[in-house]
file coords_36.cif (mmCIF, C-alpha atoms)
data_protein
loop_
_atom_site.label_atom_id
_atom_site.label_comp_id
_atom_site.auth_asym_id
_atom_site.auth_seq_id
_atom_site.Cartn_x
_atom_site.Cartn_y
_atom_site.Cartn_z
CA MET A 11 115.71 45.26 204.71
CA CYS A 12 118.81 43.09 205.26
CA LEU A 13 122.39 44.22 204.61
CA PHE A 14 122.82 42.18 201.43
CA CYS A 15 119.43 43.23 200.07
CA LYS A 16 120.65 46.82 200.49
CA ILE A 17 123.92 45.97 198.72
CA ALA A 18 121.97 44.25 195.91
CA LYS A 19 119.89 47.41 195.49
CA LYS A 20 123.05 49.57 195.74
CA GLU A 21 121.63 51.42 198.71
CA ILE A 22 124.89 50.47 200.43
CA PRO A 23 128.04 50.71 198.28
CA SER A 24 130.22 47.68 197.61
CA LYS A 25 133.23 46.95 195.43
CA ILE A 26 131.26 45.32 192.62
CA LEU A 27 133.05 42.81 190.37
CA PHE A 28 130.04 42.18 188.09
CA GLU A 29 126.28 42.15 188.04
CA GLU A 30 123.83 39.83 186.29
CA GLU A 31 120.05 39.93 186.11
CA ASP A 32 119.59 37.74 189.19
CA LEU A 33 122.83 38.20 191.12
CA LEU A 34 125.64 40.49 192.21
CA ALA A 35 129.33 39.65 192.74
CA PHE A 36 131.36 41.95 194.99
CA HIS A 37 134.60 41.84 196.96
CA ASP A 38 134.34 40.69 200.60
CA ILE A 39 135.00 43.57 202.99
CA ASN A 40 137.11 41.25 205.17
CA PRO A 41 139.04 39.11 202.67
CA MET A 42 140.53 35.80 203.75
CA ALA A 43 142.61 35.32 200.59
CA PRO A 44 144.10 37.56 197.85
CA ILE A 45 140.82 37.06 195.97
CA HIS A 46 137.67 36.79 198.08
CA VAL A 47 134.44 37.59 196.32
CA LEU A 48 130.84 37.11 197.46
CA VAL A 49 128.10 36.20 195.01
CA ILE A 50 124.55 36.88 196.19
CA PRO A 51 121.12 36.39 194.66
CA LYS A 52 119.21 39.68 194.38
CA GLN A 53 116.21 37.76 195.73
CA HIS A 54 116.24 37.40 199.51
CA ILE A 55 116.94 33.75 200.34
CA VAL A 56 118.02 33.26 203.96
CA GLY A 57 120.39 30.38 203.30
CA LEU A 58 120.70 26.92 201.78
CA GLY A 59 118.80 25.52 204.73
CA GLU A 60 115.78 27.58 203.64
CA ALA A 61 116.14 27.14 199.87
CA VAL A 62 113.28 25.43 198.05
CA ALA A 63 112.90 23.69 194.69
CA GLU A 64 111.84 26.91 192.94
CA ASN A 65 115.24 28.38 193.85
CA ALA A 66 117.16 25.73 191.87
CA GLU A 67 117.78 27.90 188.83
CA VAL A 68 119.17 30.87 190.74
CA LEU A 69 121.26 28.52 192.90
CA GLY A 70 122.75 27.06 189.75
CA LYS A 71 123.48 30.55 188.45
CA LEU A 72 125.34 31.38 191.68
CA LEU A 73 127.67 28.42 191.10
CA LEU A 74 128.12 29.33 187.43
CA ALA A 75 128.98 32.86 188.57
CA SER A 76 131.86 31.43 190.63
CA ARG A 77 133.41 30.38 187.32
CA ARG A 78 133.00 33.93 186.02
CA VAL A 79 134.62 35.26 189.21
CA SER A 80 137.63 33.01 188.54
CA GLU A 81 137.86 34.27 184.95
CA GLU A 82 137.61 37.95 185.89
CA THR A 83 140.12 37.72 188.75
CA GLY A 84 142.81 35.58 187.12
CA LEU A 85 142.14 32.32 188.98
CA VAL A 86 141.50 30.04 185.99
CA GLN A 87 144.94 28.39 186.15
CA SER A 88 145.51 28.38 189.91
CA GLY A 89 142.00 27.38 190.99
CA PHE A 90 139.50 28.52 193.58
CA ARG A 91 137.34 27.30 196.46
CA VAL A 92 133.61 27.94 196.81
CA VAL A 93 132.14 28.01 200.33
CA VAL A 94 128.59 28.50 201.59
CA ASN A 95 127.98 28.78 205.34
CA ASN A 96 124.66 27.76 206.84
CA GLY A 97 123.80 28.35 210.47
CA THR A 98 125.74 28.40 213.72
CA HIS A 99 128.44 25.75 213.31
CA ALA A 100 129.44 27.19 209.95
CA GLY A 101 129.57 30.74 211.29
CA GLN A 102 126.95 32.21 208.96
CA SER A 103 126.95 35.90 209.82
CA VAL A 104 124.59 37.48 207.27
CA PHE A 105 121.27 35.74 206.79
CA HIS A 106 121.01 36.34 203.08
CA LEU A 107 122.47 33.49 201.03
CA HIS A 108 126.00 34.26 199.80
CA VAL A 109 128.61 32.18 198.01
CA HIS A 110 132.23 32.82 198.96
CA VAL A 111 134.78 32.44 196.15
CA LEU A 112 138.36 32.32 197.43
CA GLY A 113 141.67 32.04 195.60
CA GLY A 114 145.12 33.46 194.98
CA ARG A 115 146.84 31.27 197.59
CA PRO A 116 146.88 27.56 198.48
CA LEU A 117 143.81 26.71 200.58
CA ALA A 118 144.31 24.16 203.35
CA TRP A 119 142.28 21.04 204.12
CA PRO A 120 140.04 20.64 206.11
CA PRO A 121 138.14 23.75 205.11
CA GLY A 122 137.70 25.05 208.64
CA MET B 16 135.62 6.02 183.43
CA CYS B 17 136.44 8.27 186.39
CA LEU B 18 136.16 7.18 190.05
CA PHE B 19 132.99 9.18 190.74
CA CYS B 20 131.33 8.06 187.51
CA LYS B 21 131.91 4.49 188.73
CA ILE B 22 130.46 5.36 192.16
CA ALA B 23 127.45 7.01 190.46
CA LYS B 24 126.87 3.82 188.46
CA LYS B 25 127.48 1.70 191.61
CA GLU B 26 130.31 -0.12 189.93
CA ILE B 27 132.33 0.91 193.00
CA PRO B 28 130.50 0.69 196.36
CA SER B 29 129.98 3.75 198.55
CA LYS B 30 128.10 4.49 201.74
CA ILE B 31 125.09 6.06 200.03
CA LEU B 32 122.98 8.55 201.98
CA PHE B 33 120.40 9.10 199.22
CA GLU B 34 120.00 9.08 195.48
CA GLU B 35 117.97 11.33 193.17
CA GLU B 36 117.43 11.17 189.43
CA ASP B 37 120.41 13.40 188.63
CA LEU B 38 122.67 13.02 191.68
CA LEU B 39 124.05 10.79 194.41
CA ALA B 40 124.92 11.68 198.02
CA PHE B 41 127.39 9.45 199.86
CA HIS B 42 129.66 9.65 202.89
CA ASP B 43 133.24 10.84 202.27
CA ILE B 44 135.73 8.00 202.72
CA ASN B 45 138.08 10.38 204.58
CA PRO B 46 135.73 12.52 206.70
CA MET B 47 136.91 15.88 208.05
CA ALA B 48 133.95 16.35 210.41
CA PRO B 49 131.41 14.08 212.19
CA ILE B 50 129.21 14.51 209.11
CA HIS B 51 131.01 14.75 205.77
CA VAL B 52 128.94 13.88 202.73
CA LEU B 53 129.72 14.32 199.03
CA VAL B 54 127.02 15.16 196.52
CA ILE B 55 127.87 14.43 192.88
CA PRO B 56 125.99 14.82 189.62
CA LYS B 57 125.59 11.52 187.78
CA GLN B 58 126.61 13.40 184.66
CA HIS B 59 130.38 13.82 184.31
CA ILE B 60 131.22 17.49 184.87
CA VAL B 61 134.92 18.07 185.58
CA GLY B 62 134.44 20.97 187.97
CA LEU B 63 132.91 24.41 188.39
CA GLY B 64 135.65 25.82 186.19
CA GLU B 65 134.30 23.69 183.33
CA ALA B 66 130.56 24.09 184.05
CA VAL B 67 128.46 25.73 181.33
CA ALA B 68 125.05 27.41 181.24
CA GLU B 69 123.25 24.15 180.42
CA ASN B 70 124.50 22.75 183.73
CA ALA B 71 122.68 25.42 185.79
CA GLU B 72 119.75 23.20 186.74
CA VAL B 73 121.83 20.29 187.98
CA LEU B 74 124.14 22.69 189.82
CA GLY B 75 121.12 24.13 191.60
CA LYS B 76 119.97 20.63 192.50
CA LEU B 77 123.35 19.88 194.03
CA LEU B 78 122.96 22.86 196.37
CA LEU B 79 119.37 21.90 197.19
CA ALA B 80 120.64 18.40 197.98
CA SER B 81 122.94 19.91 200.64
CA ARG B 82 119.78 20.94 202.48
CA ARG B 83 118.51 17.37 202.24
CA VAL B 84 121.85 16.12 203.57
CA SER B 85 121.43 18.40 206.59
CA GLU B 86 117.91 17.08 207.18
CA GLU B 87 118.88 13.43 206.90
CA THR B 88 121.96 13.73 209.11
CA GLY B 89 120.57 15.90 211.92
CA LEU B 90 122.30 19.18 211.03
CA VAL B 91 119.24 21.40 210.66
CA GLN B 92 119.72 23.10 214.03
CA SER B 93 123.50 23.18 214.24
CA GLY B 94 124.22 24.14 210.65
CA PHE B 95 126.57 22.99 207.91
CA ARG B 96 129.20 24.22 205.45
CA VAL B 97 129.20 23.53 201.72
CA VAL B 98 132.57 23.48 199.92
CA VAL B 99 133.48 22.96 196.27
CA ASN B 100 137.17 22.73 195.31
CA ASN B 101 138.31 23.69 191.86
CA GLY B 102 141.85 23.15 190.65
CA THR B 103 145.27 23.19 192.26
CA HIS B 104 145.10 25.86 194.95
CA ALA B 105 141.86 24.39 196.29
CA GLY B 106 143.29 20.87 196.33
CA GLN B 107 140.72 19.33 194.00
CA SER B 108 141.65 15.64 193.95
CA VAL B 109 138.91 14.00 191.87
CA PHE B 110 138.08 15.68 188.58
CA HIS B 111 134.36 15.02 188.70
CA LEU B 112 132.42 17.86 190.31
CA HIS B 113 131.56 17.14 193.97
CA VAL B 114 129.99 19.23 196.69
CA HIS B 115 131.29 18.65 200.22
CA VAL B 116 128.73 19.05 203.02
CA LEU B 117 130.35 19.23 206.46
CA GLY B 118 128.84 19.54 209.93
CA GLY B 119 128.57 18.18 213.43
CA ARG B 120 131.32 20.41 214.86
CA PRO B 121 132.14 24.14 214.77
CA LEU B 122 133.92 24.97 211.50
CA ALA B 123 136.71 27.57 211.70
CA TRP B 124 137.22 30.66 209.55
CA PRO B 125 138.98 31.06 207.14
CA PRO B 126 137.84 27.91 205.38
CA GLY B 127 141.35 26.66 204.63
#
call {"tool": "encode", "arguments": {"input": "coords_36.cif", "output": "structure tokens"}}
result
Amino acid sequence: MCLFCKIAKKEIPSKILFEEEDLLAFHDINPMAPIHVLVIPKQHIVGLGEAVAENAEVLGKLLLASRRVSEETGLVQSGFRVVVNNGTHAGQSVFHLHVHVLGGRPLAWPPG
Amino acid sequence: MCLFCKIAKKEIPSKILFEEEDLLAFHDINPMAPIHVLVIPKQHIVGLGEAVAENAEVLGKLLLASRRVSEETGLVQSGFRVVVNNGTHAGQSVFHLHVHVLGGRPLAWPPG
């Protein structure tokens, strides 16, 4: 079972921000900003490059959850950036889809 | 009407990659990588911070469209990064939700 499947099942502890039926939001262990939360589907989806039409609803919920992250971490006024890495050039390191939500400081452009 | 609503209605020209019923994918006018495509919903949604539960399906389709961008631009092997900016700290510049899809070079971490 992959690392994020274990985190989703709470077999490995994480600093959970909130949980919904289909997803879990927890603080990144190696934060790149004052707020850096990961949102993962409980279902094992490797990445966006492997997502299929039946995943549309849970993908939409992941993006809606980024709004909830901003509300629960005080980023509504200052804003936030959502990032999803897919494959080598993007530096994807865990092959279970995860949405990064970053905020709490100005974020430069380009995004990497 | 906002800039991206006009692009979605083709009242302002853009370099369109593909169109679906609910969304349009076009090349960013100021690319930050060899491939830099924007995917927008035709419906006017200000940003993720304003998205509501009824938007879940179209949000999911935007993420699925990033996979299609990677397929149509030759990024399947090398990978790609998806970025959505929301508000001031993220540098959101057009207040119509848009998903950046970047690839064709290694993308650094942190993402801005």
call {"tool": "resolve_selection", "arguments": {"input": "coords_36.cif", "expression": "the PyMOL selection byres ((chain B and resi 70-79) around 10)", "output": "PDB file with C-alpha atoms, keeping the file's coordinate frame"}}
result
ATOM      1  CA  LEU A  58     120.700  26.920 201.780  1.00  0.00           C
ATOM      2  CA  GLY A  59     118.800  25.520 204.730  1.00  0.00           C
ATOM      3  CA  GLU A  60     115.780  27.580 203.640  1.00  0.00           C
ATOM      4  CA  ALA A  61     116.140  27.140 199.870  1.00  0.00           C
ATOM      5  CA  VAL A  62     113.280  25.430 198.050  1.00  0.00           C
ATOM      6  CA  ALA A  63     112.900  23.690 194.690  1.00  0.00           C
ATOM      7  CA  GLU A  64     111.840  26.910 192.940  1.00  0.00           C
ATOM      8  CA  ASN A  65     115.240  28.380 193.850  1.00  0.00           C
ATOM      9  CA  ALA A  66     117.160  25.730 191.870  1.00  0.00           C
ATOM     10  CA  GLU A  67     117.780  27.900 188.830  1.00  0.00           C
ATOM     11  CA  VAL A  68     119.170  30.870 190.740  1.00  0.00           C
ATOM     12  CA  LEU A  69     121.260  28.520 192.900  1.00  0.00           C
ATOM     13  CA  GLY A  70     122.750  27.060 189.750  1.00  0.00           C
ATOM     14  CA  LYS A  71     123.480  30.550 188.450  1.00  0.00           C
ATOM     15  CA  LEU A  72     125.340  31.380 191.680  1.00  0.00           C
ATOM     16  CA  LEU A  73     127.670  28.420 191.100  1.00  0.00           C
ATOM     17  CA  LEU A  74     128.120  29.330 187.430  1.00  0.00           C
ATOM     18  CA  VAL A  94     128.590  28.500 201.590  1.00  0.00           C
TER      19      VAL A  94
ATOM     20  CA  GLU B  35     117.970  11.330 193.170  1.00  0.00           C
ATOM     21  CA  ASP B  37     120.410  13.400 188.630  1.00  0.00           C
ATOM     22  CA  LEU B  38     122.670  13.020 191.680  1.00  0.00           C
ATOM     23  CA  LEU B  39     124.050  10.790 194.410  1.00  0.00           C
ATOM     24  CA  ALA B  40     124.920  11.680 198.020  1.00  0.00           C
ATOM     25  CA  LEU B  53     129.720  14.320 199.030  1.00  0.00           C
ATOM     26  CA  VAL B  54     127.020  15.160 196.520  1.00  0.00           C
ATOM     27  CA  ILE B  55     127.870  14.430 192.880  1.00  0.00           C
ATOM     28  CA  PRO B  56     125.990  14.820 189.620  1.00  0.00           C
ATOM     29  CA  LYS B  57     125.590  11.520 187.780  1.00  0.00           C
ATOM     30  CA  GLN B  58     126.610  13.400 184.660  1.00  0.00           C
ATOM     31  CA  ILE B  60     131.220  17.490 184.870  1.00  0.00           C
ATOM     32  CA  LEU B  63     132.910  24.410 188.390  1.00  0.00           C
ATOM     33  CA  GLU B  65     134.300  23.690 183.330  1.00  0.00           C
ATOM     34  CA  ALA B  66     130.560  24.090 184.050  1.00  0.00           C
ATOM     35  CA  VAL B  67     128.460  25.730 181.330  1.00  0.00           C
ATOM     36  CA  ALA B  68     125.050  27.410 181.240  1.00  0.00           C
ATOM     37  CA  GLU B  69     123.250  24.150 180.420  1.00  0.00           C
ATOM     38  CA  ALA B  80     120.640  18.400 197.980  1.00  0.00           C
ATOM     39  CA  SER B  81     122.940  19.910 200.640  1.00  0.00           C
ATOM     40  CA  ARG B  82     119.780  20.940 202.480  1.00  0.00           C
ATOM     41  CA  ARG B  83     118.510  17.370 202.240  1.00  0.00           C
ATOM     42  CA  VAL B  84     121.850  16.120 203.570  1.00  0.00           C
ATOM     43  CA  VAL B  97     129.200  23.530 201.720  1.00  0.00           C
ATOM     44  CA  LEU B 112     132.420  17.860 190.310  1.00  0.00           C
ATOM     45  CA  HIS B 113     131.560  17.140 193.970  1.00  0.00           C
ATOM     46  CA  VAL B 114     129.990  19.230 196.690  1.00  0.00           C
ATOM     47  CA  VAL B 116     128.730  19.050 203.020  1.00  0.00           C
TER      48      VAL B 116
END
call {"tool": "residues_around", "arguments": {"input": "coords_36.cif", "residues": "His46 of chain A", "least_positions_apart": "4", "cutoff": "8 Å", "atoms": "only C-alpha atoms", "output": "VMD selection string"}}
result
chain A and resid 37 to 38 41 to 42 110 to 113
call {"tool": "calpha_fit_and_write", "arguments": {"input": "coords_36.cif", "fixed": "chain B", "moving": "chain A", "output": "PDB file with C-alpha atoms, keeping the file's coordinate frame"}}
result
ATOM      1  CA  MET A  11     135.620   6.037 183.393  1.00  0.00           C
ATOM      2  CA  CYS A  12     136.432   8.263 186.395  1.00  0.00           C
ATOM      3  CA  LEU A  13     136.147   7.181 190.037  1.00  0.00           C
ATOM      4  CA  PHE A  14     132.992   9.182 190.742  1.00  0.00           C
ATOM      5  CA  CYS A  15     131.328   8.060 187.514  1.00  0.00           C
ATOM      6  CA  LYS A  16     131.920   4.496 188.739  1.00  0.00           C
ATOM      7  CA  ILE A  17     130.459   5.372 192.152  1.00  0.00           C
ATOM      8  CA  ALA A  18     127.448   7.021 190.457  1.00  0.00           C
ATOM      9  CA  LYS A  19     126.880   3.823 188.473  1.00  0.00           C
ATOM     10  CA  LYS A  20     127.466   1.717 191.625  1.00  0.00           C
ATOM     11  CA  GLU A  21     130.314  -0.113 189.951  1.00  0.00           C
ATOM     12  CA  ILE A  22     132.325   0.912 193.017  1.00  0.00           C
ATOM     13  CA  PRO A  23     130.491   0.691 196.362  1.00  0.00           C
ATOM     14  CA  SER A  24     129.987   3.745 198.553  1.00  0.00           C
ATOM     15  CA  LYS A  25     128.095   4.492 201.749  1.00  0.00           C
ATOM     16  CA  ILE A  26     125.084   6.051 200.036  1.00  0.00           C
ATOM     17  CA  LEU A  27     122.978   8.556 201.998  1.00  0.00           C
ATOM     18  CA  PHE A  28     120.409   9.107 199.213  1.00  0.00           C
ATOM     19  CA  GLU A  29     119.997   9.077 195.476  1.00  0.00           C
ATOM     20  CA  GLU A  30     117.984  11.333 193.173  1.00  0.00           C
ATOM     21  CA  GLU A  31     117.443  11.171 189.430  1.00  0.00           C
ATOM     22  CA  ASP A  32     120.430  13.397 188.644  1.00  0.00           C
ATOM     23  CA  LEU A  33     122.670  13.015 191.689  1.00  0.00           C
ATOM     24  CA  LEU A  34     124.060  10.785 194.413  1.00  0.00           C
ATOM     25  CA  ALA A  35     124.929  11.691 198.022  1.00  0.00           C
ATOM     26  CA  PHE A  36     127.400   9.455 199.859  1.00  0.00           C
ATOM     27  CA  HIS A  37     129.670   9.644 202.892  1.00  0.00           C
ATOM     28  CA  ASP A  38     133.250  10.841 202.266  1.00  0.00           C
ATOM     29  CA  ILE A  39     135.737   8.005 202.733  1.00  0.00           C
ATOM     30  CA  ASN A  40     138.073  10.389 204.590  1.00  0.00           C
ATOM     31  CA  PRO A  41     135.738  12.523 206.721  1.00  0.00           C
ATOM     32  CA  MET A  42     136.904  15.871 208.053  1.00  0.00           C
ATOM     33  CA  ALA A  43     133.952  16.339 210.421  1.00  0.00           C
ATOM     34  CA  PRO A  44     131.403  14.084 212.200  1.00  0.00           C
ATOM     35  CA  ILE A  45     129.209  14.506 209.110  1.00  0.00           C
ATOM     36  CA  HIS A  46     131.001  14.756 205.767  1.00  0.00           C
ATOM     37  CA  VAL A  47     128.952  13.881 202.734  1.00  0.00           C
ATOM     38  CA  LEU A  48     129.733  14.321 199.034  1.00  0.00           C
ATOM     39  CA  VAL A  49     127.017  15.153 196.530  1.00  0.00           C
ATOM     40  CA  ILE A  50     127.860  14.434 192.893  1.00  0.00           C
ATOM     41  CA  PRO A  51     126.000  14.848 189.620  1.00  0.00           C
ATOM     42  CA  LYS A  52     125.589  11.525 187.793  1.00  0.00           C
ATOM     43  CA  GLN A  53     126.614  13.417 184.650  1.00  0.00           C
ATOM     44  CA  HIS A  54     130.373  13.830 184.310  1.00  0.00           C
ATOM     45  CA  ILE A  55     131.210  17.502 184.875  1.00  0.00           C
ATOM     46  CA  VAL A  56     134.909  18.060 185.594  1.00  0.00           C
ATOM     47  CA  GLY A  57     134.435  20.968 187.975  1.00  0.00           C
ATOM     48  CA  LEU A  58     132.898  24.410 188.381  1.00  0.00           C
ATOM     49  CA  GLY A  59     135.630  25.822 186.185  1.00  0.00           C
ATOM     50  CA  GLU A  60     134.286  23.699 183.314  1.00  0.00           C
ATOM     51  CA  ALA A  61     130.562  24.092 184.030  1.00  0.00           C
ATOM     52  CA  VAL A  62     128.449  25.731 181.334  1.00  0.00           C
ATOM     53  CA  ALA A  63     125.041  27.417 181.255  1.00  0.00           C
ATOM     54  CA  GLU A  64     123.248  24.156 180.415  1.00  0.00           C
ATOM     55  CA  ASN A  65     124.504  22.753 183.732  1.00  0.00           C
ATOM     56  CA  ALA A  66     122.676  25.404 185.796  1.00  0.00           C
ATOM     57  CA  GLU A  67     119.744  23.202 186.737  1.00  0.00           C
ATOM     58  CA  VAL A  68     121.825  20.281 187.978  1.00  0.00           C
ATOM     59  CA  LEU A  69     124.139  22.694 189.817  1.00  0.00           C
ATOM     60  CA  GLY A  70     121.125  24.132 191.582  1.00  0.00           C
ATOM     61  CA  LYS A  71     119.955  20.636 192.484  1.00  0.00           C
ATOM     62  CA  LEU A  72     123.362  19.881 194.036  1.00  0.00           C
ATOM     63  CA  LEU A  73     122.963  22.869 196.368  1.00  0.00           C
ATOM     64  CA  LEU A  74     119.368  21.914 197.183  1.00  0.00           C
ATOM     65  CA  ALA A  75     120.640  18.415 197.979  1.00  0.00           C
ATOM     66  CA  SER A  76     122.945  19.919 200.627  1.00  0.00           C
ATOM     67  CA  ARG A  77     119.783  20.946 202.473  1.00  0.00           C
ATOM     68  CA  ARG A  78     118.505  17.372 202.241  1.00  0.00           C
ATOM     69  CA  VAL A  79     121.857  16.113 203.565  1.00  0.00           C
ATOM     70  CA  SER A  80     121.444  18.400 206.593  1.00  0.00           C
ATOM     71  CA  GLU A  81     117.913  17.093 207.186  1.00  0.00           C
ATOM     72  CA  GLU A  82     118.882  13.423 206.899  1.00  0.00           C
ATOM     73  CA  THR A  83     121.966  13.733 209.118  1.00  0.00           C
ATOM     74  CA  GLY A  84     120.569  15.892 211.922  1.00  0.00           C
ATOM     75  CA  LEU A  85     122.305  19.167 211.029  1.00  0.00           C
ATOM     76  CA  VAL A  86     119.232  21.394 210.648  1.00  0.00           C
ATOM     77  CA  GLN A  87     119.696  23.100 214.033  1.00  0.00           C
ATOM     78  CA  SER A  88     123.493  23.172 214.238  1.00  0.00           C
ATOM     79  CA  GLY A  89     124.215  24.132 210.626  1.00  0.00           C
ATOM     80  CA  PHE A  90     126.570  22.990 207.904  1.00  0.00           C
ATOM     81  CA  ARG A  91     129.210  24.216 205.460  1.00  0.00           C
ATOM     82  CA  VAL A  92     129.209  23.523 201.723  1.00  0.00           C
ATOM     83  CA  VAL A  93     132.572  23.479 199.922  1.00  0.00           C
ATOM     84  CA  VAL A  94     133.492  22.952 196.274  1.00  0.00           C
ATOM     85  CA  ASN A  95     137.170  22.715 195.309  1.00  0.00           C
ATOM     86  CA  ASN A  96     138.328  23.704 191.846  1.00  0.00           C
ATOM     87  CA  GLY A  97     141.867  23.152 190.649  1.00  0.00           C
ATOM     88  CA  THR A  98     145.289  23.178 192.267  1.00  0.00           C
ATOM     89  CA  HIS A  99     145.099  25.864 194.956  1.00  0.00           C
ATOM     90  CA  ALA A 100     141.874  24.393 196.295  1.00  0.00           C
ATOM     91  CA  GLY A 101     143.275  20.865 196.346  1.00  0.00           C
ATOM     92  CA  GLN A 102     140.727  19.321 193.984  1.00  0.00           C
ATOM     93  CA  SER A 103     141.641  15.644 193.954  1.00  0.00           C
ATOM     94  CA  VAL A 104     138.901  13.991 191.874  1.00  0.00           C
ATOM     95  CA  PHE A 105     138.077  15.672 188.591  1.00  0.00           C
ATOM     96  CA  HIS A 106     134.369  15.016 188.698  1.00  0.00           C
ATOM     97  CA  LEU A 107     132.424  17.859 190.308  1.00  0.00           C
ATOM     98  CA  HIS A 108     131.552  17.127 193.951  1.00  0.00           C
ATOM     99  CA  VAL A 109     129.989  19.222 196.691  1.00  0.00           C
ATOM    100  CA  HIS A 110     131.292  18.653 200.212  1.00  0.00           C
ATOM    101  CA  VAL A 111     128.735  19.033 203.015  1.00  0.00           C
ATOM    102  CA  LEU A 112     130.351  19.227 206.453  1.00  0.00           C
ATOM    103  CA  GLY A 113     128.844  19.533 209.920  1.00  0.00           C
ATOM    104  CA  GLY A 114     128.581  18.159 213.433  1.00  0.00           C
ATOM    105  CA  ARG A 115     131.310  20.412 214.862  1.00  0.00           C
ATOM    106  CA  PRO A 116     132.141  24.135 214.763  1.00  0.00           C
ATOM    107  CA  LEU A 117     133.923  24.966 211.493  1.00  0.00           C
ATOM    108  CA  ALA A 118     136.688  27.562 211.688  1.00  0.00           C
ATOM    109  CA  TRP A 119     137.211  30.661 209.549  1.00  0.00           C
ATOM    110  CA  PRO A 120     138.969  31.054 207.122  1.00  0.00           C
ATOM    111  CA  PRO A 121     137.840  27.900 205.372  1.00  0.00           C
ATOM    112  CA  GLY A 122     141.331  26.644 204.612  1.00  0.00           C
TER     113      GLY A 122
END
call {"tool": "atom_distance", "arguments": {"input": "coords_36.cif", "atom1": "atom CA of Gly62 of chain B", "atom2": "atom CA of Val109 of chain B"}}
result
9.2 Å
call {"tool": "atom_distance", "arguments": {"input": "coords_36.cif", "atom1": "atom CA of Cys20 of chain B", "atom2": "atom CA of Ala105 of chain B"}}
result
21.3 Å
call {"tool": "atom_distance", "arguments": {"input": "coords_36.cif", "atom1": "atom CA of Leu85 of chain A", "atom2": "atom CA of Val98 of chain B"}}
result
17.0 Å
call {"tool": "decode", "arguments": {"input": "coords_36.cif", "residues": "segment 41-88 of chain B", "atoms": "C-alpha atoms", "output": "PDB file, in the first residue's frame"}}
result
ATOM      1  CA  PHE B  41      -5.567  27.997 -25.051  1.00  0.00           C
ATOM      2  CA  HIS B  42      -1.903  28.954 -24.979  1.00  0.00           C
ATOM      3  CA  ASP B  43      -0.862  31.561 -22.384  1.00  0.00           C
ATOM      4  CA  ILE B  44       0.062  34.857 -24.042  1.00  0.00           C
ATOM      5  CA  ASN B  45       3.054  35.177 -21.682  1.00  0.00           C
ATOM      6  CA  PRO B  46       4.396  31.609 -21.399  1.00  0.00           C
ATOM      7  CA  MET B  47       6.617  30.645 -18.467  1.00  0.00           C
ATOM      8  CA  ALA B  48       7.669  27.283 -19.946  1.00  0.00           C
ATOM      9  CA  PRO B  49       7.918  25.727 -23.451  1.00  0.00           C
ATOM     10  CA  ILE B  50       4.333  24.544 -22.933  1.00  0.00           C
ATOM     11  CA  HIS B  51       2.049  26.871 -20.965  1.00  0.00           C
ATOM     12  CA  VAL B  52      -1.650  26.400 -21.535  1.00  0.00           C
ATOM     13  CA  LEU B  53      -4.620  27.882 -19.679  1.00  0.00           C
ATOM     14  CA  VAL B  54      -7.823  25.924 -19.171  1.00  0.00           C
ATOM     15  CA  ILE B  55     -10.899  27.999 -18.318  1.00  0.00           C
ATOM     16  CA  PRO B  56     -14.529  27.156 -17.646  1.00  0.00           C
ATOM     17  CA  LYS B  57     -16.883  28.888 -20.081  1.00  0.00           C
ATOM     18  CA  GLN B  58     -19.004  29.732 -17.055  1.00  0.00           C
ATOM     19  CA  HIS B  59     -17.770  32.786 -15.144  1.00  0.00           C
ATOM     20  CA  ILE B  60     -16.346  31.598 -11.821  1.00  0.00           C
ATOM     21  CA  VAL B  61     -14.146  34.222 -10.136  1.00  0.00           C
ATOM     22  CA  GLY B  62     -11.707  31.792  -8.569  1.00  0.00           C
ATOM     23  CA  LEU B  63     -11.373  28.767  -6.303  1.00  0.00           C
ATOM     24  CA  GLY B  64     -12.063  31.010  -3.328  1.00  0.00           C
ATOM     25  CA  GLU B  65     -15.524  31.691  -4.773  1.00  0.00           C
ATOM     26  CA  ALA B  66     -16.284  28.171  -6.085  1.00  0.00           C
ATOM     27  CA  VAL B  67     -19.306  26.398  -4.599  1.00  0.00           C
ATOM     28  CA  ALA B  68     -20.452  22.777  -4.411  1.00  0.00           C
ATOM     29  CA  GLU B  69     -22.427  23.034  -7.663  1.00  0.00           C
ATOM     30  CA  ASN B  70     -19.166  23.825  -9.462  1.00  0.00           C
ATOM     31  CA  ALA B  71     -17.586  20.466  -8.498  1.00  0.00           C
ATOM     32  CA  GLU B  72     -18.237  18.787 -11.840  1.00  0.00           C
ATOM     33  CA  VAL B  73     -16.767  21.552 -13.971  1.00  0.00           C
ATOM     34  CA  LEU B  74     -13.800  21.848 -11.597  1.00  0.00           C
ATOM     35  CA  GLY B  75     -13.148  18.144 -12.073  1.00  0.00           C
ATOM     36  CA  LYS B  76     -13.349  18.578 -15.827  1.00  0.00           C
ATOM     37  CA  LEU B  77     -10.756  21.333 -15.677  1.00  0.00           C
ATOM     38  CA  LEU B  78      -8.312  18.942 -13.993  1.00  0.00           C
ATOM     39  CA  LEU B  79      -9.135  16.163 -16.457  1.00  0.00           C
ATOM     40  CA  ALA B  80      -8.485  18.655 -19.261  1.00  0.00           C
ATOM     41  CA  SER B  81      -4.931  19.120 -17.925  1.00  0.00           C
ATOM     42  CA  ARG B  82      -4.337  15.483 -18.831  1.00  0.00           C
ATOM     43  CA  ARG B  83      -5.635  16.167 -22.330  1.00  0.00           C
ATOM     44  CA  VAL B  84      -3.315  19.183 -22.571  1.00  0.00           C
ATOM     45  CA  SER B  85      -0.376  16.914 -21.718  1.00  0.00           C
ATOM     46  CA  GLU B  86      -1.444  14.423 -24.387  1.00  0.00           C
ATOM     47  CA  GLU B  87      -1.907  17.032 -27.102  1.00  0.00           C
ATOM     48  CA  THR B  88       1.356  18.849 -26.367  1.00  0.00           C
TER      49      THR B  88
END
